[in-house]
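Coordinates as given in query.csv (CSV, C-alpha atoms and all ligand atoms):
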chain,number,residue,atom,x,y,z
A,1,MET,CA,0.0,0.0,0.0
A,2,ALA,CA,1.5,3.3,-1.0
A,3,LEU,CA,2.0,5.8,1.7
A,4,THR,CA,-0.7,8.4,0.9
A,5,GLU,CA,0.0,12.1,1.4
A,6,GLU,CA,-2.8,12.1,4.1
A,7,HIS,CA,-1.2,9.1,5.8
A,8,ALA,CA,2.3,10.7,5.6
A,9,ALA,CA,0.9,14.0,7.0
A,10,ALA,CA,-0.8,12.2,9.9
A,11,ARG,CA,2.5,10.3,10.8
A,12,MET,CA,4.3,13.6,11.0
A,13,LYS,CA,2.2,14.8,13.8
A,14,GLY,CA,3.5,12.4,16.4
A,15,ILE,CA,4.9,9.0,17.3
A,16,GLY,CA,2.9,5.7,17.1
A,17,GLY,CA,3.4,2.2,18.4
A,18,SER,CA,4.8,0.7,15.2
A,19,GLU,CA,7.7,3.2,15.5
A,20,MET,CA,8.8,2.1,19.0
A,21,ALA,CA,11.1,-0.7,17.6
A,22,THR,CA,13.0,2.0,15.6
A,23,ILE,CA,13.3,4.4,18.5
A,24,LEU,CA,14.4,1.6,20.8
A,25,HIS,CA,16.6,0.0,18.1
A,26,LYS,CA,19.5,-0.6,20.4
A,27,GLU,CA,17.4,-2.4,23.0
A,28,VAL,CA,15.6,-4.4,20.2
A,29,ALA,CA,19.0,-5.5,18.8
A,30,GLU,CA,20.2,-6.5,22.3
A,31,SER,CA,17.1,-8.6,22.7
A,32,GLY,CA,18.2,-10.6,19.6
A,33,ASP,CA,15.4,-9.3,17.4
A,34,THR,CA,16.2,-8.1,13.9
A,35,VAL,CA,16.1,-4.3,13.7
A,36,TYR,CA,14.5,-2.9,10.5
A,37,GLY,CA,14.1,0.8,11.3
A,38,CYS,CA,16.7,3.6,11.5
A,39,PRO,CA,16.1,6.6,13.8
A,40,LEU,CA,17.6,9.0,11.3
A,41,ALA,CA,15.2,7.7,8.6
A,42,LEU,CA,12.3,8.1,11.0
A,43,TYR,CA,13.5,11.6,11.7
A,44,PHE,CA,13.6,12.4,8.0
A,45,GLU,CA,10.1,11.1,7.6
A,46,LYS,CA,8.8,13.1,10.6
A,47,THR,CA,10.4,16.3,9.6
A,48,GLY,CA,9.3,16.0,5.9
A,49,VAL,CA,12.8,15.5,4.3
A,50,ALA,CA,12.1,14.5,0.7
A,51,ALA,CA,13.1,10.9,0.1
A,52,ASP,CA,15.3,9.8,-2.8
A,53,TYR,CA,13.1,6.8,-3.5
A,54,PRO,CA,9.3,6.3,-3.2
A,55,PHE,CA,7.7,4.4,-0.4
A,56,PRO,CA,7.9,0.8,-1.7
A,57,GLU,CA,4.6,-1.0,-2.3
A,58,THR,CA,6.0,-4.3,-1.0
A,59,GLY,CA,4.1,-7.6,-1.0
A,60,PRO,CA,4.4,-8.0,2.8
A,61,ILE,CA,2.8,-4.6,3.4
A,62,LYS,CA,-0.1,-5.5,1.1
A,63,ARG,CA,-0.4,-9.0,2.6
A,64,GLY,CA,-0.5,-7.5,6.1
A,65,VAL,CA,-3.4,-5.1,5.2
A,66,ALA,CA,-5.3,-7.8,3.3
A,67,LEU,CA,-5.0,-10.5,6.0
A,68,GLU,CA,-5.5,-8.4,9.1
A,69,PRO,CA,-9.2,-9.1,9.3
A,70,GLU,CA,-8.5,-12.8,9.0
A,71,VAL,CA,-5.9,-12.7,11.8
A,72,ALA,CA,-8.4,-10.9,14.0
A,73,ARG,CA,-11.1,-13.5,13.1
A,74,LEU,CA,-8.8,-16.4,13.9
A,75,TYR,CA,-7.9,-14.8,17.2
A,76,CYS,CA,-11.6,-14.4,18.2
A,77,GLU,CA,-12.4,-17.9,17.1
A,78,GLU,CA,-9.7,-19.4,19.3
A,79,THR,CA,-10.1,-17.2,22.4
A,80,GLY,CA,-13.8,-16.4,22.3
A,81,HIS,CA,-12.9,-12.8,22.9
A,82,THR,CA,-15.0,-9.9,21.5
A,83,ILE,CA,-13.1,-7.3,19.5
A,84,ARG,CA,-13.9,-4.0,17.8
A,85,ARG,CA,-12.2,-1.3,15.9
A,86,LEU,CA,-11.0,1.8,17.8
A,87,PRO,CA,-10.4,5.1,16.0
A,88,HIS,CA,-6.9,6.7,16.1
A,89,LYS,CA,-6.2,8.2,19.5
A,90,THR,CA,-3.8,10.7,20.9
A,91,SER,CA,-2.7,11.4,24.5
A,92,LYS,CA,-4.5,14.4,26.1
A,93,GLU,CA,-1.3,15.6,27.9
A,94,ARG,CA,1.1,15.0,25.1
A,95,PRO,CA,-0.8,15.1,21.7
A,96,TRP,CA,2.3,13.8,19.8
A,97,GLU,CA,1.8,10.4,21.5
A,98,MET,CA,-0.5,8.7,19.1
A,99,VAL,CA,-1.9,5.2,18.7
A,100,SER,CA,-3.8,3.3,16.1
A,101,ILE,CA,-4.3,-0.2,17.4
A,102,ASP,CA,-5.5,-3.0,15.2
A,103,ARG,CA,-8.5,-3.9,17.4
A,104,GLN,CA,-9.7,-3.3,21.0
A,105,ILE,CA,-10.6,-6.4,23.0
A,106,ILE,CA,-13.7,-5.8,25.1
A,107,GLY,CA,-16.0,-7.6,27.6
A,108,GLU,CA,-13.2,-9.2,29.6
A,109,PRO,CA,-13.1,-9.0,33.4
A,110,GLU,CA,-9.6,-7.5,33.5
A,111,GLY,CA,-10.8,-4.5,31.4
A,112,PRO,CA,-10.2,-3.6,27.8
A,113,GLY,CA,-7.2,-4.9,25.9
A,114,VAL,CA,-5.2,-4.1,22.8
A,115,LEU,CA,-4.9,-6.6,20.0
A,116,GLU,CA,-2.2,-6.3,17.4
A,117,CYS,CA,-2.5,-8.6,14.3
A,118,LYS,CA,0.7,-9.6,12.5
A,119,THR,CA,1.1,-11.5,9.3
A,120,VAL,CA,4.6,-12.8,9.1
A,121,GLY,CA,6.7,-14.1,6.3
A,122,ARG,CA,8.8,-17.2,6.4
A,123,GLU,CA,12.0,-15.7,7.8
A,124,ARG,CA,10.2,-13.9,10.6
A,125,TRP,CA,8.2,-17.0,11.4
A,126,PHE,CA,11.3,-19.1,11.8
A,127,GLN,CA,12.9,-16.3,13.8
A,128,ILE,CA,9.9,-16.4,16.2
A,129,LYS,CA,10.1,-20.2,16.4
A,130,THR,CA,13.8,-19.9,17.2
A,131,LYS,CA,13.9,-16.9,19.5
A,132,GLY,CA,10.4,-16.2,20.6
A,133,LEU,CA,8.2,-13.2,20.2
A,134,PRO,CA,10.0,-10.1,18.8
A,135,LEU,CA,10.5,-7.3,21.3
A,136,GLY,CA,9.3,-4.9,18.7
A,137,PHE,CA,5.8,-6.5,18.6
A,138,VAL,CA,5.6,-6.3,22.4
A,139,LEU,CA,6.6,-2.7,22.5
A,140,GLN,CA,3.9,-1.9,20.0
A,141,VAL,CA,1.2,-3.4,22.3
A,142,LEU,CA,2.7,-1.7,25.4
A,143,TRP,CA,2.7,1.7,23.6
A,144,GLY,CA,-1.0,1.2,22.9
A,145,LEU,CA,-1.7,0.4,26.6
A,146,TYR,CA,0.3,3.4,27.6
A,147,VAL,CA,-1.4,5.9,25.3
A,148,LEU,CA,-4.9,4.6,25.9
A,149,GLY,CA,-4.5,4.8,29.7
A,150,PRO,CA,-4.0,2.8,32.9
A,151,GLN,CA,-7.4,1.0,32.5
A,152,TYR,CA,-5.7,-0.9,29.7
A,153,ARG,CA,-3.8,-3.6,31.6
A,154,TRP,CA,-3.3,-6.2,29.0
A,155,GLY,CA,-3.1,-7.0,25.3
A,156,ALA,CA,-2.5,-9.7,22.8
A,157,ILE,CA,-0.5,-10.4,19.7
A,158,ALA,CA,-2.1,-12.6,17.1
A,159,LEU,CA,0.2,-14.0,14.4
A,160,LEU,CA,-0.4,-15.6,11.1
A,161,TRP,CA,2.2,-17.4,9.1
A,162,ALA,CA,0.1,-17.9,6.0
A,163,ASP,CA,2.3,-20.4,4.1
A,164,GLY,CA,1.9,-22.9,7.0
A,165,TRP,CA,-1.4,-21.6,8.2
A,166,GLU,CA,-0.2,-21.4,11.7
A,167,HIS,CA,-1.8,-18.8,13.9
A,168,PRO,CA,-0.7,-18.6,17.5
A,169,HIS,CA,-1.5,-15.8,19.8
A,170,PHE,CA,0.3,-14.4,22.8
A,171,ARG,CA,-0.9,-12.4,25.8
A,172,VAL,CA,1.1,-9.3,26.8
A,173,GLU,CA,0.8,-7.9,30.4
A,174,ARG,CA,1.2,-4.2,31.1
A,175,ASP,CA,4.8,-3.8,32.1
A,176,GLN,CA,5.2,-0.4,33.7
A,177,VAL,CA,9.0,-0.5,33.8
A,178,LEU,CA,9.2,-1.1,30.0
A,179,ILE,CA,6.5,1.5,29.4
A,180,ASP,CA,8.3,4.2,31.4
A,181,MET,CA,11.6,3.5,29.6
A,182,MET,CA,9.7,3.6,26.2
A,183,ALA,CA,7.9,6.8,27.1
A,184,GLU,CA,11.2,8.4,28.1
A,185,LYS,CA,13.0,7.4,24.9
A,186,ALA,CA,10.0,8.4,22.8
A,187,ALA,CA,10.0,11.9,24.4
A,188,ALA,CA,13.7,12.2,23.8
A,189,PHE,CA,13.1,11.3,20.1
A,190,TRP,CA,10.3,13.8,19.8
A,191,ASN,CA,12.6,16.5,21.1
A,192,TYR,CA,15.0,15.7,18.3
A,193,ILE,CA,12.2,16.4,15.9
A,194,LYS,CA,11.0,19.5,17.6
A,195,ASN,CA,14.5,20.9,17.8
A,196,ARG,CA,15.5,19.7,14.3
A,197,THR,CA,18.4,17.8,15.7
A,198,PRO,CA,19.0,14.7,13.6
A,199,PRO,CA,20.1,11.5,15.3
A,200,LYS,CA,23.3,9.9,14.3
A,201,LYS,CA,23.4,8.0,11.0
A,202,LEU,CA,24.3,4.4,10.8
A,203,LYS,CA,27.5,3.0,9.3
A,204,TYR,CA,27.0,2.8,5.5
A,205,LYS,CA,27.5,-0.9,5.6
A,206,ASP,CA,24.5,-1.4,7.9
A,207,PRO,CA,21.9,-3.6,6.0
A,208,ARG,CA,19.2,-1.1,6.9
A,209,CYS,CA,20.9,1.5,4.6
A,210,GLN,CA,20.7,-0.8,1.6
A,211,GLY,CA,17.0,-0.4,1.1
A,212,CYS,CA,16.6,3.0,2.8
A,213,ARG,CA,14.5,5.6,0.9
A,214,TRP,CA,17.1,8.3,1.9
A,215,ARG,CA,20.2,6.3,1.2
A,216,SER,CA,21.6,8.4,-1.7
A,217,SER,CA,21.4,11.7,0.1
A,218,CYS,CA,22.3,10.3,3.5
A,219,GLN,CA,25.1,7.9,2.6
A,220,GLY,CA,25.8,8.7,-1.0
A,221,ASP,CA,29.6,9.3,-0.8
A,222,GLU,CA,30.3,6.4,1.4
A,223,LEU,CA,28.1,4.1,-0.7
A,224,ILE,CA,29.9,5.2,-3.8
A,225,GLU,CA,33.3,4.9,-2.1
A,226,ALA,CA,32.4,1.3,-1.1
A,227,ALA,CA,31.9,0.5,-4.7
A,228,GLY,CA,34.8,2.6,-5.9
A,229,GLN,CA,37.4,-0.1,-5.7
A,230,ASP,CA,35.6,-2.0,-8.5
A,231,ILE,CA,34.4,0.9,-10.6
A,232,GLU,CA,36.7,3.0,-12.7
A,233,SER,CA,34.1,5.6,-13.6
A,234,PHE,CA,30.6,6.2,-12.4
A,235,GLU,CA,29.7,8.0,-15.6
A,236,GLU,CA,28.0,6.2,-18.4
A,237,ILE,CA,27.1,3.0,-16.6
A,238,GLU,CA,24.5,1.3,-18.7
A,239,VAL,CA,21.1,0.8,-17.2
A,240,ASP,CA,19.7,-2.7,-18.0
A,241,GLU,CA,16.2,-2.8,-16.7
A,242,GLU,CA,15.7,-6.3,-18.2
A,243,LEU,CA,18.0,-7.7,-15.5
A,244,SER,CA,16.4,-5.8,-12.7
A,245,PRO,CA,14.0,-8.6,-11.6
A,246,LYS,CA,16.9,-11.1,-11.5
A,247,VAL,CA,19.1,-8.7,-9.4
A,248,LYS,CA,16.2,-8.1,-7.0
A,249,LEU,CA,15.6,-11.9,-6.8
A,250,ARG,CA,19.3,-12.4,-6.1
A,251,MET,CA,19.2,-9.9,-3.3
A,252,GLU,CA,16.1,-11.5,-1.8
A,253,LEU,CA,17.7,-14.9,-1.9
A,254,ARG,CA,20.8,-13.5,-0.2
A,255,ASP,CA,18.7,-12.2,2.6
A,256,ILE,CA,16.9,-15.6,3.0
A,257,GLU,CA,20.3,-17.3,3.0
A,258,ASN,CA,21.8,-15.0,5.7
A,259,THR,CA,18.7,-15.2,7.9
A,260,ALA,CA,18.5,-18.9,7.6
A,261,LYS,CA,22.2,-19.3,8.4
A,262,ALA,CA,21.9,-17.1,11.5
A,263,GLN,CA,18.7,-19.0,12.7
A,264,ARG,CA,20.3,-22.4,12.1
A,265,THR,CA,23.3,-21.4,14.2
A,266,GLU,CA,21.0,-20.2,16.9
A,267,VAL,CA,18.8,-23.3,17.0
A,268,GLU,CA,21.9,-25.6,16.9
A,269,GLY,CA,23.1,-23.8,19.9
A,270,GLN,CA,19.8,-24.4,21.6
A,271,ILE,CA,20.0,-28.1,20.7
A,272,VAL,CA,23.6,-28.4,22.1
A,273,GLU,CA,22.4,-26.7,25.3
A,274,GLY,CA,19.4,-29.1,25.5
A,275,MET,CA,21.7,-32.1,25.0
A,276,ALA,CA,23.4,-31.1,28.2
A,277,GLY,CA,26.6,-33.0,27.5
A,278,ARG,CA,25.0,-36.1,26.0
A,279,GLU,CA,26.9,-37.5,23.0
A,280,ILE,CA,23.9,-39.0,21.2
A,281,ILE,CA,20.1,-38.6,21.4
A,282,VAL,CA,17.2,-39.5,19.2
A,283,ALA,CA,14.8,-36.5,18.5
A,284,GLY,CA,12.6,-35.3,15.7
A,285,GLY,CA,13.2,-38.5,13.7
A,286,HIS,CA,17.0,-38.1,13.8
A,287,ARG,CA,19.9,-39.4,15.7
A,288,VAL,CA,21.7,-36.3,16.9
A,289,ILE,CA,25.4,-36.9,17.6
A,290,ARG,CA,27.8,-34.5,19.2
A,291,LYS,CA,31.3,-35.9,19.6
A,292,LYS,CA,34.6,-34.2,20.1
A,293,ARG,CA,36.7,-34.1,16.9
A,294,GLU,CA,40.4,-33.8,17.6
A,295,GLY,CA,41.9,-30.6,16.4
A,296,GLY,CA,44.7,-30.8,13.9
A,297,LEU,CA,47.4,-28.6,12.4
A,298,MET,CA,47.0,-25.9,9.8
A,299,ILE,CA,49.4,-23.6,8.0
A,300,ASP,CA,49.6,-20.1,9.4
A,301,THR,CA,49.9,-18.5,5.9
A,302,PRO,CA,50.3,-14.9,7.0
A,303,ARG,CA,53.2,-15.9,9.3
A,304,MET,CA,54.8,-18.1,6.7
A,305,LYS,CA,54.6,-15.2,4.2
A,306,ARG,CA,56.2,-12.9,6.7
A,307,ASP,CA,58.9,-15.2,8.3
A,308,ALA,CA,59.7,-17.7,5.5
A,309,PRO,CA,58.8,-16.0,2.2
A,310,GLU,CA,61.1,-18.3,0.3
A,311,VAL,CA,59.2,-21.4,1.6
A,312,PHE,CA,55.9,-19.8,0.8
A,313,GLU,CA,57.1,-18.9,-2.7
A,314,GLU,CA,58.4,-22.5,-3.3
A,315,TRP,CA,55.1,-24.1,-2.2
A,316,SER,CA,52.6,-21.7,-3.7
A,317,LYS,CA,50.9,-22.4,-6.9
A,318,SER,CA,48.9,-20.0,-9.1
A,319,ARG,CA,45.2,-19.7,-8.8
A,320,ALA,CA,42.9,-19.6,-11.8
A,321,ASP,CA,41.3,-16.2,-12.6
A,322,SER,CA,37.8,-15.8,-11.2
A,323,TRP,CA,34.9,-13.4,-12.0
A,324,PRO,CA,33.3,-12.5,-8.7
A,325,LEU,CA,29.8,-10.9,-9.0
A,326,ASN,CA,29.5,-8.0,-6.5
A,327,PHE,CA,26.4,-5.8,-5.8
A,328,TYR,CA,26.4,-2.3,-4.4
A,329,PRO,CA,23.3,-0.3,-3.7
A,330,ILE,CA,22.9,3.0,-5.6
B,1,LIG,S1,20.9,5.6,4.7
B,1,LIG,FE1,21.2,4.4,6.6
B,1,LIG,S2,21.7,5.9,8.2
B,1,LIG,FE2,20.8,7.1,6.5
B,1,LIG,S3,18.7,7.3,7.1
B,1,LIG,FE3,18.9,5.5,5.8
B,1,LIG,S4,19.1,3.7,7.2
B,1,LIG,FE4,19.5,5.6,8.3
Go through the file and emit its structure as structure tokens.
Ligand code: SF4
Amino acid sequence: MALTEEHAAARMKGIGGSEMATILHKEVAESGDTVYGCPLALYFEKTGVAADYPFPETGPIKRGVALEPEVARLYCEETGHTIRRLPHKTSKERPWEMVSIDRQIIGEPEGPGVLECKTVGRERWFQIKTKGLPLGFVLQVLWGLYVLGPQYRWGAIALLWADGWEHPHFRVERDQVLIDMMAEKAAAFWNYIKNRTPPKKLKYKDPRCQGCRWRSSCQGDELIEAAGQDIESFEEIEVDEELSPKVKLRMELRDIENTAKAQRTEVEGQIVEGMAGREIIVAGGHRVIRKKREGGLMIDTPRMKRDAPEVFEEWSKSRADSWPLNFYPI
């Protein structure tokens, strides 16, 4: 869904729950959750700095909008809770504190609750299975509880992984310590905006910069420098739109590969911990074996080059030419 002018203008008036993960990006990263947002990009958005690239109409955004009613329906079917839509709200004392919750849960003895509906893709789903509920989702619910008032003491996150049609839901209790910390950080961020003081930019190699809408004006020189070693001239580089879908597909596959690798390492660590020193177990239809493999010797090439260059020379052989394929964002 494209970010309409009306939508963009509304977002500039304050801070909402979906932005908490960006504002608390360090805490989110420390929790082991993937950080998608950048505080500087959020600052650009809130202060109306023109982006270099349009808001992407990505499939996951359209999927989230289209499936939100279904996620809410599944939640009600499984819990028996009653839900309804609640209009956009702002705090009376601090009008820049805004919230647009997916649904309000009503009719429960503990009072009204906040429901957030999330449709997740495969990578996110496996991340949740590996590491648990992302902190960013929890922060969003807590922000809703905070802005709507102390009578909101609980909330829930309903998930849908559409490929596997799995739809768990999780209860979130009001956590005043986290709420206070979040409110303080959000106020500090809002001060950046009011005082037109931009937060620090990320290092240009940060993956968040690769797809950022402000990447050219924010990191242009560094991004170009990063590619400079392989490019003799930035003038007259041919644009080949026919290859664009393949390049985009390659970048998506690279992301899947990186995420899957990180998640596999994480889950293997959990298995080792669960094996608690046992050498062999049977689980999940497999024999799982963890035995010590004796270490061996290896050549310390940098040292040999430095201390015995003649030996290195004598035992070296030439390597065939290769044609590595490198990709740099523009
Ligand atoms: S290019 Fe990087 S540092 Fe700059 S706004 Fe975008 S994500 Fe943030």
Taking only C-alpha atoms and all ligand atoms into account, name the residue in A:Pro198, A:Pro168, A:Gly285, A:Gly274 that is nearest to ligand LIG 1 (chain B).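 Distance minimum relative to ligand LIG 1 (chain B) lands on A:Pro198.
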Pick from A:Ala188, A:Ala162, A:Val65, A:Ile106: nearest to A:Arg122, with all atoms listed in the file counted?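 The closest residue to A:Arg122 is A:Ala162.
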From the options A:Met20, A:Ile280, A:Ala308, A:Cys218, which residue's atoms come nearest to ligand LIG 1 (chain B), counting only C-alpha atoms and all ligand atoms? A:Cys218
For chain A against ligand LIG 1 (chain B), with a cut-off of 7 Å and counting all atoms listed in the file, what is the closest atom pair and its distance in Å to one decimal for every residue that makes the cut, ordered by chain and number, as CSV?
residue,atom,partner,partner_atom,distance
A:Cys38,CA,B:LIG1,FE4,4.7
A:Pro39,CA,B:LIG1,FE4,6.5
A:Leu40,CA,B:LIG1,S3,4.7
A:Ala41,CA,B:LIG1,S3,3.8
A:Lys201,CA,B:LIG1,S2,3.9
A:Leu202,CA,B:LIG1,S2,4.0
A:Lys203,CA,B:LIG1,S2,6.6
A:Tyr204,CA,B:LIG1,FE1,6.1
A:Asp206,CA,B:LIG1,FE1,6.8
A:Arg208,CA,B:LIG1,S4,4.8
A:Cys209,CA,B:LIG1,FE1,3.5
A:Cys212,CA,B:LIG1,FE3,4.5
A:Arg213,CA,B:LIG1,FE3,6.6
A:Trp214,CA,B:LIG1,FE3,5.1
A:Arg215,CA,B:LIG1,S1,3.6
A:Cys218,CA,B:LIG1,FE2,4.6
A:Gln219,CA,B:LIG1,S1,5.2
A:Asp180 proximity check over A:Glu108, A:Tyr43, A:Ala262, A:Leu142, using only C-alpha atoms: winner is A:Leu142
Around the point (9.9, 11.7, 21.4) (coordinates from the file), which residues reach within 12 Å if we count only C-alpha atoms? Answer as a ChimeraX atom specification. /A:12-17,19-20,22-24,39,42-43,46,94-98,181-195,197,199
Would you mind telling me which residue in A:Ile256, A:Ile281, A:Leu115, A:Ile157 lies nearest to A:Leu135 when using all atoms listed in the file?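 That would be A:Ile157, the residue with the smallest distance to A:Leu135.
Among A:Met298, A:Leu159, A:Leu249, A:Ile330, the residue with the shortest atom-to-atom distance to A:Gln210, counting all atoms listed in the file, is A:Ile330.
In this structure, atom CA of A:Thr58 sits 15.4 Å away from atom CA of A:Lys118.
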note - atom CA of A:His81 and atom CA of A:Phe126 are separated by 27.4 Å
Give me the residues of stretch 126-213 of chain A that have any atom at most 12 Å from an atom of stretch 71-79 of chain A; for each, the nearest atom pair and the distance in Å, rounded to one decimal. Use all atoms listed in the file, sort by chain and number, and format it as a tab-separated table.
residue	atom	partner	partner_atom	distance
A:Ala156	CA	A:Tyr75	CA	9.3
A:Ile157	CA	A:Tyr75	CA	9.0
A:Ala158	CA	A:Tyr75	CA	6.2
A:Leu159	CA	A:Val71	CA	6.8
A:Leu160	CA	A:Val71	CA	6.3
A:Trp161	CA	A:Val71	CA	9.7
A:Ala162	CA	A:Val71	CA	9.8
A:Trp165	CA	A:Val71	CA	10.6
A:Glu166	CA	A:Leu74	CA	10.2
A:His167	CA	A:Leu74	CA	7.4
A:Pro168	CA	A:Tyr75	CA	8.1
A:His169	CA	A:Tyr75	CA	7.0
A:Phe170	CA	A:Tyr75	CA	9.9
A:Arg171	CA	A:Thr79	CA	10.9
Would you list the residues near (-6.0, 6.8, 17.7) (no more than 12 Å away, in the coordinates of the file, using all atoms listed in the file) as a PyMOL selection string? chain A and resi 10-11+14-17+85-92+95-104+143-145+147-148
Could you work out how far atom CA of A:Gly220 lies from atom CA of A:Glu257, giving the answer in Å with one decimal? 26.9 Å
